[in-house]
>>> print(open('final.txt').read())   # compact mmCIF, C-alpha atoms and all ligand atoms
# COMPACT_ATOMS: atom_id res chain seq x y z
CA MET A 1 -8.84 -35.71 16.66
CA SER A 2 -12.05 -33.79 16.28
CA ASP A 3 -13.71 -34.03 12.91
CA ALA A 4 -14.46 -30.31 12.89
CA PRO A 5 -13.42 -28.74 9.60
CA ARG A 6 -9.85 -27.53 9.47
CA PRO A 7 -9.58 -23.75 9.73
CA ALA A 8 -9.09 -21.97 6.42
CA PRO A 9 -6.87 -18.91 5.89
CA ALA A 10 -9.86 -16.56 6.11
CA ASP A 11 -10.74 -18.07 9.52
CA VAL A 12 -7.23 -17.27 10.69
CA ASP A 13 -7.62 -13.66 9.50
CA ALA A 14 -10.87 -13.45 11.45
CA TYR A 15 -9.13 -14.75 14.58
CA ILE A 16 -6.14 -12.40 14.18
CA ASN A 17 -8.42 -9.45 13.55
CA ALA A 18 -10.53 -10.26 16.61
CA GLN A 19 -7.52 -10.68 18.92
CA LEU A 20 -5.07 -8.09 17.60
CA VAL A 21 -6.90 -5.53 15.50
CA GLY A 22 -10.29 -5.17 17.14
CA ALA A 23 -13.60 -3.65 16.17
CA ASP A 24 -13.39 -0.25 14.57
CA PRO A 25 -16.64 1.50 13.66
CA VAL A 26 -14.82 4.18 11.63
CA LEU A 27 -13.13 1.59 9.42
CA ASP A 28 -16.33 -0.46 9.16
CA ALA A 29 -18.17 2.67 8.04
CA ALA A 30 -15.46 3.37 5.46
CA LEU A 31 -15.92 -0.09 3.95
CA ALA A 32 -19.71 0.30 4.04
CA ARG A 33 -19.49 3.63 2.22
CA ALA A 34 -17.20 2.04 -0.37
CA ALA A 35 -19.59 -0.88 -0.92
CA ALA A 36 -22.61 1.42 -1.15
CA ALA A 37 -20.82 3.44 -3.83
CA GLY A 38 -20.05 0.25 -5.77
CA LEU A 39 -16.26 0.41 -5.40
CA PRO A 40 -14.30 -2.83 -5.93
CA ALA A 41 -13.49 -4.56 -2.60
CA HIS A 42 -9.75 -4.29 -3.16
CA ASP A 43 -8.99 -2.66 0.19
CA VAL A 44 -6.26 -4.26 2.27
CA ALA A 45 -7.43 -6.62 5.02
CA PRO A 46 -7.67 -5.25 8.59
CA ASN A 47 -4.53 -7.07 9.74
CA GLN A 48 -2.70 -5.74 6.67
CA GLY A 49 -3.89 -2.21 7.36
CA LYS A 50 -2.60 -2.58 10.91
CA LEU A 51 0.73 -3.78 9.51
CA LEU A 52 1.00 -0.64 7.37
CA HIS A 53 0.11 1.45 10.42
CA LEU A 54 2.78 -0.26 12.53
CA LEU A 55 5.42 0.13 9.82
CA ALA A 56 4.70 3.86 9.67
CA ARG A 57 4.97 4.13 13.45
CA ILE A 58 8.14 2.03 13.59
CA ARG A 59 9.63 4.36 10.97
CA GLY A 60 8.35 7.43 12.85
CA ALA A 61 6.93 8.58 9.53
CA ARG A 62 5.95 12.25 9.38
CA ALA A 63 5.37 12.33 5.61
CA ILE A 64 3.58 9.48 3.84
CA LEU A 65 2.78 9.02 0.15
CA GLU A 66 0.20 6.52 -1.12
CA LEU A 67 -0.46 5.58 -4.74
CA GLY A 68 -3.95 4.16 -5.27
CA THR A 69 -6.38 5.54 -2.68
CA LEU A 70 -9.50 3.57 -3.63
CA ALA A 71 -11.91 4.25 -0.71
CA GLY A 72 -9.18 5.42 1.63
CA TYR A 73 -9.19 2.36 3.88
CA SER A 74 -5.39 1.92 3.93
CA THR A 75 -5.15 5.72 3.91
CA ILE A 76 -6.95 5.86 7.26
CA TRP A 77 -4.64 3.23 8.76
CA LEU A 78 -1.57 5.12 7.54
CA ALA A 79 -2.79 8.62 8.44
CA ARG A 80 -3.58 7.47 11.96
CA ALA A 81 0.10 6.64 12.39
CA LEU A 82 1.18 10.24 11.80
CA PRO A 83 2.27 12.43 14.70
CA SER A 84 0.64 15.83 15.01
CA GLY A 85 1.88 17.99 12.16
CA GLY A 86 2.43 14.90 9.97
CA ARG A 87 1.11 14.80 6.40
CA LEU A 88 -0.15 12.15 4.01
CA ILE A 89 -0.73 12.62 0.30
CA THR A 90 -2.65 9.94 -1.58
CA LEU A 91 -3.06 9.76 -5.36
CA GLU A 92 -6.21 8.39 -7.01
CA ALA A 93 -6.90 8.30 -10.76
CA GLU A 94 -10.65 7.71 -10.49
CA PRO A 95 -12.58 10.83 -9.36
CA SER A 96 -15.53 8.85 -7.97
CA TYR A 97 -13.19 6.78 -5.79
CA ALA A 98 -11.47 9.94 -4.56
CA GLU A 99 -14.84 11.38 -3.57
CA VAL A 100 -15.61 8.32 -1.43
CA ALA A 101 -12.13 8.48 0.08
CA ARG A 102 -12.54 12.14 1.01
CA ALA A 103 -15.84 11.35 2.73
CA ASN A 104 -14.17 8.48 4.59
CA LEU A 105 -11.21 10.59 5.67
CA SER A 106 -13.52 13.36 6.88
CA ALA A 107 -15.62 10.88 8.86
CA ALA A 108 -12.41 9.50 10.36
CA GLY A 109 -11.36 12.99 11.46
CA LEU A 110 -8.28 12.88 9.23
CA ALA A 111 -9.14 15.43 6.54
CA ASP A 112 -6.68 17.91 8.03
CA ARG A 113 -3.68 15.63 7.59
CA ALA A 114 -4.57 13.47 4.56
CA GLU A 115 -4.87 15.03 1.11
CA VAL A 116 -6.45 13.13 -1.80
CA ARG A 117 -5.15 14.22 -5.21
CA VAL A 118 -7.17 13.15 -8.23
CA GLY A 119 -5.44 12.24 -11.46
CA GLU A 120 -3.03 9.81 -13.08
CA ALA A 121 -0.16 9.04 -10.75
CA LEU A 122 2.77 9.69 -13.09
CA PRO A 123 2.01 13.40 -13.68
CA ALA A 124 1.01 13.77 -10.04
CA LEU A 125 4.40 12.37 -8.99
CA ALA A 126 6.20 14.81 -11.27
CA ALA A 127 4.14 17.62 -9.73
CA LEU A 128 5.09 16.48 -6.22
CA GLU A 129 8.75 16.62 -7.13
CA ALA A 130 8.35 20.02 -8.77
CA GLU A 131 6.73 21.46 -5.67
CA GLY A 132 9.34 19.90 -3.37
CA ALA A 133 6.74 17.84 -1.51
CA GLY A 134 9.15 15.13 -0.39
CA PRO A 135 11.05 13.47 0.97
CA PHE A 136 8.50 10.93 2.15
CA ASP A 137 9.32 8.57 5.01
CA LEU A 138 6.97 5.85 3.78
CA VAL A 139 5.50 5.16 0.35
CA PHE A 140 2.69 2.66 -0.17
CA LEU A 141 2.29 1.46 -3.76
CA ASP A 142 -1.23 0.16 -4.42
CA ALA A 143 -2.24 1.66 -7.78
CA ASP A 144 -2.23 0.14 -11.30
CA LYS A 145 0.30 -2.67 -11.04
CA GLN A 146 1.51 -2.44 -14.64
CA ARG A 147 3.18 0.86 -13.77
CA ASN A 148 4.87 -0.39 -10.59
CA PRO A 149 8.38 -0.14 -12.11
CA GLU A 150 7.89 3.58 -12.83
CA TYR A 151 6.28 4.03 -9.43
CA LEU A 152 9.34 2.48 -7.82
CA GLU A 153 11.63 4.86 -9.69
CA TRP A 154 9.54 7.82 -8.54
CA SER A 155 9.45 6.46 -4.99
CA LEU A 156 13.22 6.42 -4.92
CA ARG A 157 13.35 10.04 -6.09
CA LEU A 158 10.84 11.14 -3.46
CA THR A 159 12.33 9.33 -0.44
CA ARG A 160 15.60 9.49 1.52
CA PRO A 161 17.87 7.06 3.37
CA GLY A 162 15.79 5.35 6.05
CA SER A 163 12.54 5.60 4.10
CA VAL A 164 10.33 2.56 3.66
CA ILE A 165 8.57 1.51 0.46
CA VAL A 166 5.74 -1.04 0.67
CA ALA A 167 3.94 -2.52 -2.34
CA ASP A 168 0.64 -4.41 -2.29
CA ASN A 169 -0.40 -7.27 -4.57
CA VAL A 170 3.04 -8.41 -5.65
CA VAL A 171 2.23 -12.14 -5.80
CA ARG A 172 -1.16 -12.30 -7.58
CA GLU A 173 -2.10 -15.94 -7.02
CA GLY A 174 1.50 -16.96 -7.69
CA GLU A 175 1.72 -15.28 -11.08
CA LEU A 176 4.82 -13.44 -9.82
CA ALA A 177 6.76 -16.59 -10.67
CA ASN A 178 5.20 -16.98 -14.14
CA ALA A 179 7.79 -15.67 -16.60
CA ALA A 180 5.46 -16.46 -19.50
CA SER A 181 2.56 -14.30 -18.27
CA GLU A 182 1.37 -11.69 -20.73
CA ASP A 183 -0.90 -9.99 -18.16
CA PRO A 184 0.44 -6.42 -17.95
CA ARG A 185 -0.15 -6.38 -14.18
CA VAL A 186 1.93 -9.53 -13.72
CA ARG A 187 4.62 -8.16 -16.01
CA GLY A 188 4.53 -5.00 -13.90
CA ILE A 189 5.06 -6.76 -10.59
CA ARG A 190 7.82 -8.92 -12.11
CA ARG A 191 9.69 -5.93 -13.55
CA PHE A 192 9.12 -4.10 -10.25
CA THR A 193 10.62 -7.01 -8.30
CA GLU A 194 13.56 -7.34 -10.67
CA LEU A 195 14.24 -3.60 -10.56
CA LEU A 196 14.03 -3.63 -6.76
CA GLY A 197 16.59 -6.44 -6.62
CA ALA A 198 18.91 -4.66 -9.03
CA THR A 199 18.78 -1.22 -7.38
CA PRO A 200 21.87 -0.41 -5.33
CA GLY A 201 21.24 1.13 -1.92
CA VAL A 202 17.86 -0.51 -1.38
CA SER A 203 17.30 -3.62 0.78
CA ALA A 204 14.11 -5.47 -0.01
CA THR A 205 12.09 -8.61 0.45
CA ALA A 206 8.61 -9.85 -0.39
CA ILE A 207 6.30 -12.06 1.63
CA GLN A 208 3.42 -14.18 0.35
CA THR A 209 0.13 -13.75 2.16
CA VAL A 210 -3.06 -15.80 2.42
CA GLY A 211 -6.31 -14.96 4.14
CA GLN A 212 -9.47 -13.10 3.29
CA LYS A 213 -7.76 -11.48 0.28
CA GLY A 214 -6.63 -14.80 -1.20
CA TRP A 215 -3.06 -15.68 -2.22
CA ASP A 216 -1.09 -12.49 -2.71
CA GLY A 217 1.85 -10.72 -1.15
CA LEU A 218 3.57 -7.58 0.04
CA ALA A 219 6.99 -6.23 -0.88
CA LEU A 220 8.98 -4.22 1.65
CA ALA A 221 12.00 -2.09 0.84
CA LEU A 222 14.30 0.07 2.94
CA VAL A 223 16.28 2.91 1.37
CA ASP A 224 19.64 2.26 2.96
CA GLU A 225 21.68 4.77 4.87
CA PRO A 226 25.00 5.25 3.04
CA GLY A 227 27.42 2.51 4.07
CA ALA A 228 24.78 0.54 5.97
CA VAL A 229 25.65 -3.06 6.77
CA GLY A 230 23.60 -5.21 4.41
CA SER A 231 23.22 -2.50 1.80
CA ARG A 232 23.72 -3.64 -1.74
C1 LIG B 301 -6.69 -5.51 -7.33
C2 LIG B 301 -6.04 -4.37 -6.88
C3 LIG B 301 -5.63 -4.29 -5.57
O1 LIG B 301 -4.95 -3.21 -5.09
C4 LIG B 301 -5.87 -5.33 -4.68
O2 LIG B 301 -5.41 -5.19 -3.41
C5 LIG B 301 -6.53 -6.46 -5.11
C6 LIG B 301 -6.94 -6.55 -6.44
C7 LIG B 301 -7.10 -5.59 -8.75
O3 LIG B 301 -7.03 -4.57 -9.45
O4 LIG B 301 -7.50 -6.65 -9.18
MG MG B 302 -4.00 -3.62 -3.26
>>> encode(input="final.txt", output="structure tokens")
Amino acid sequence: MSDAPRPAPADVDAYINAQLVGADPVLDAALARAAAAGLPAHDVAPNQGKLLHLLARIRGARAILELGTLAGYSTIWLARALPSGGRLITLEAEPSYAEVARANLSAAGLADRAEVRVGEALPALAALEAEGAGPFDLVFLDADKQRNPEYLEWSLRLTRPGSVIVADNVVREGELANAASEDPRVRGIRRFTELLGATPGVSATAIQTVGQKGWDGLALALVDEPGAVGSR
């Protein structure tokens, strides 16, 4: 046995990113612009962004909805999965974040297919429904976690059978399993998870993740086709 230090989860992310994700100057520039503007480094990791991108391609998503744009890092990964003519709408409550995201999407050559809407998500979701913007093929929930239950309800209204719903940050250092937590974000992810499990016609799971973003997790849900095997 060598006495080299054992690899840590962040080392494994670095290895995976080097082998399977690769260097990407556009994404690096997006993160640099976010850091220069003082945004919190809450972007998904590169291998997670690639996972979102692959899910959108597997689904053949032509219409994508994101809640919580931040600097637009995950937005770029998702928008790159769209076929020509595809559309992404991303909702961001903080105007200064939206401004950075718009700059990042323009620099990525995606401004024509990705629209950043500024404002609280709940009224923006009602506006999307009112204008008939859906149905969306993939929804990525990454906004204020305390409102995840309402965001799930809106996601179900704005999707159709076969659509995919993904939620970030559903484990929060294990707090998902802490029934006594009074943190509104933890209560939000717990109620979200319980609602997901109790919703007929949706098949879901959640996976814990480690790596450069620490101990967290992603939830994945499929809006079932009527009568699908495994639907519940
Ligand atoms: C936080 C939010 C995120 O979306 C994330 O991926 C990590 C942390 C936060 O608000 O703490
Ligand atoms: Mg997140």
>>> residues_near_ligand(input="final.txt", ligand="ligand MG 302 (chain B)", cutoff="12 Å", atoms="all atoms listed in the file", output="ChimeraX atom specification")
/A:40-45,48-49,66-75,140-145,148,166-172,185,213-214,216-219
>>> closest_residue(input="final.txt", among="A:Ala4, A:Tyr97, A:Arg187, A:Ile58", to="Ala35 in chain A", atoms="all atoms listed in the file")
A:Tyr97
>>> closest_residue(input="final.txt", among="A:Trp154, A:Arg6, A:Pro184, A:Arg191", to="ligand LIG 301 (chain B)", atoms="all atoms listed in the file")
A:Pro184
>>> atom_distance(input="final.txt", atom1="CA of Ala63 in chain A", atom2="CA of Arg87 in chain A")
5.0 Å
>>> axis_aligned_box(input="final.txt", around="range 3-10 of chain A", padding_each_side="6 Å", output="AutoDock Vina command-line options")
--center_x -10.7 --center_y -25.3 --center_z 9.4 --size_x 19.6 --size_y 29.5 --size_z 19.0
>>> closest_residue(input="final.txt", among="A:Leu128, A:Gly85, A:Pro25, A:Asp183", to="Asp112 in chain A", atoms="only C-alpha atoms")
A:Gly85
>>> atom_distance(input="final.txt", atom1="CA of Ala130 in chain A", atom2="CA of Gly188 in chain A")
25.8 Å
>>> atom_distance(input="final.txt", atom1="CA of Phe136 in chain A", atom2="atom O3 of ligand LIG 301 (chain B)")
24.8 Å
>>> closest_residue(input="final.txt", among="A:Val139, A:Val186, A:Leu55, A:Ile89", to="ligand LIG 301 (chain B)", atoms="only C-alpha atoms and all ligand atoms")
A:Val186
>>> residues_around(input="final.txt", residues="range 117-119 of chain A", least_positions_apart="6", cutoff="7 Å", atoms="only C-alpha atoms", output="count of residues only")
7
>>> closest_residue(input="final.txt", among="A:Ala29, A:Ala111, A:Ala126, A:Ile189", to="ligand LIG 301 (chain B)", atoms="all atoms listed in the file")
A:Ile189
>>> residues_around(input="final.txt", residues="Ala30 in chain A", least_positions_apart="4", cutoff="7 Å", atoms="all atoms listed in the file", output="MDAnalysis selection string")
chainID A and resid 26 34 73 104
>>> residues_around(input="final.txt", residues="Leu195 in chain A", least_positions_apart="4", cutoff="12 Å", atoms="all atoms listed in the file", output="mmCIF file with C-alpha atoms, in the frame of the given file")
data_model
loop_
_atom_site.group_PDB
_atom_site.id
_atom_site.type_symbol
_atom_site.label_atom_id
_atom_site.label_comp_id
_atom_site.auth_asym_id
_atom_site.auth_seq_id
_atom_site.Cartn_x
_atom_site.Cartn_y
_atom_site.Cartn_z
ATOM 1 C CA ASN A 148 4.870 -0.390 -10.590
ATOM 2 C CA PRO A 149 8.380 -0.140 -12.110
ATOM 3 C CA GLU A 150 7.890 3.580 -12.830
ATOM 4 C CA TYR A 151 6.280 4.030 -9.430
ATOM 5 C CA LEU A 152 9.340 2.480 -7.820
ATOM 6 C CA GLU A 153 11.630 4.860 -9.690
ATOM 7 C CA LEU A 156 13.220 6.420 -4.920
ATOM 8 C CA ARG A 187 4.620 -8.160 -16.010
ATOM 9 C CA GLY A 188 4.530 -5.000 -13.900
ATOM 10 C CA ILE A 189 5.060 -6.760 -10.590
ATOM 11 C CA ARG A 190 7.820 -8.920 -12.110
ATOM 12 C CA ARG A 191 9.690 -5.930 -13.550
ATOM 13 C CA THR A 199 18.780 -1.220 -7.380
ATOM 14 C CA PRO A 200 21.870 -0.410 -5.330
ATOM 15 C CA VAL A 202 17.860 -0.510 -1.380
ATOM 16 C CA SER A 203 17.300 -3.620 0.780
ATOM 17 C CA ALA A 204 14.110 -5.470 -0.010
ATOM 18 C CA ALA A 221 12.000 -2.090 0.840
#
>>> closest_residue(input="final.txt", among="A:Leu78, A:Ala32, A:Ile64, A:Ala37", to="Lys50 in chain A", atoms="all atoms listed in the file")
A:Leu78
>>> residues_around(input="final.txt", residues="Glu225 in chain A", least_positions_apart="6", cutoff="9 Å", atoms="all atoms listed in the file", output="short mmCIF file (atom, residue, chain, number, x, y, z; two decimals) with C-alpha atoms, keeping the file's coordinate frame")
data_model
loop_
_atom_site.label_atom_id
_atom_site.label_comp_id
_atom_site.auth_asym_id
_atom_site.auth_seq_id
_atom_site.Cartn_x
_atom_site.Cartn_y
_atom_site.Cartn_z
CA ARG A 160 15.60 9.49 1.52
CA PRO A 161 17.87 7.06 3.37
CA GLY A 162 15.79 5.35 6.05
CA GLY A 201 21.24 1.13 -1.92
CA SER A 231 23.22 -2.50 1.80
#
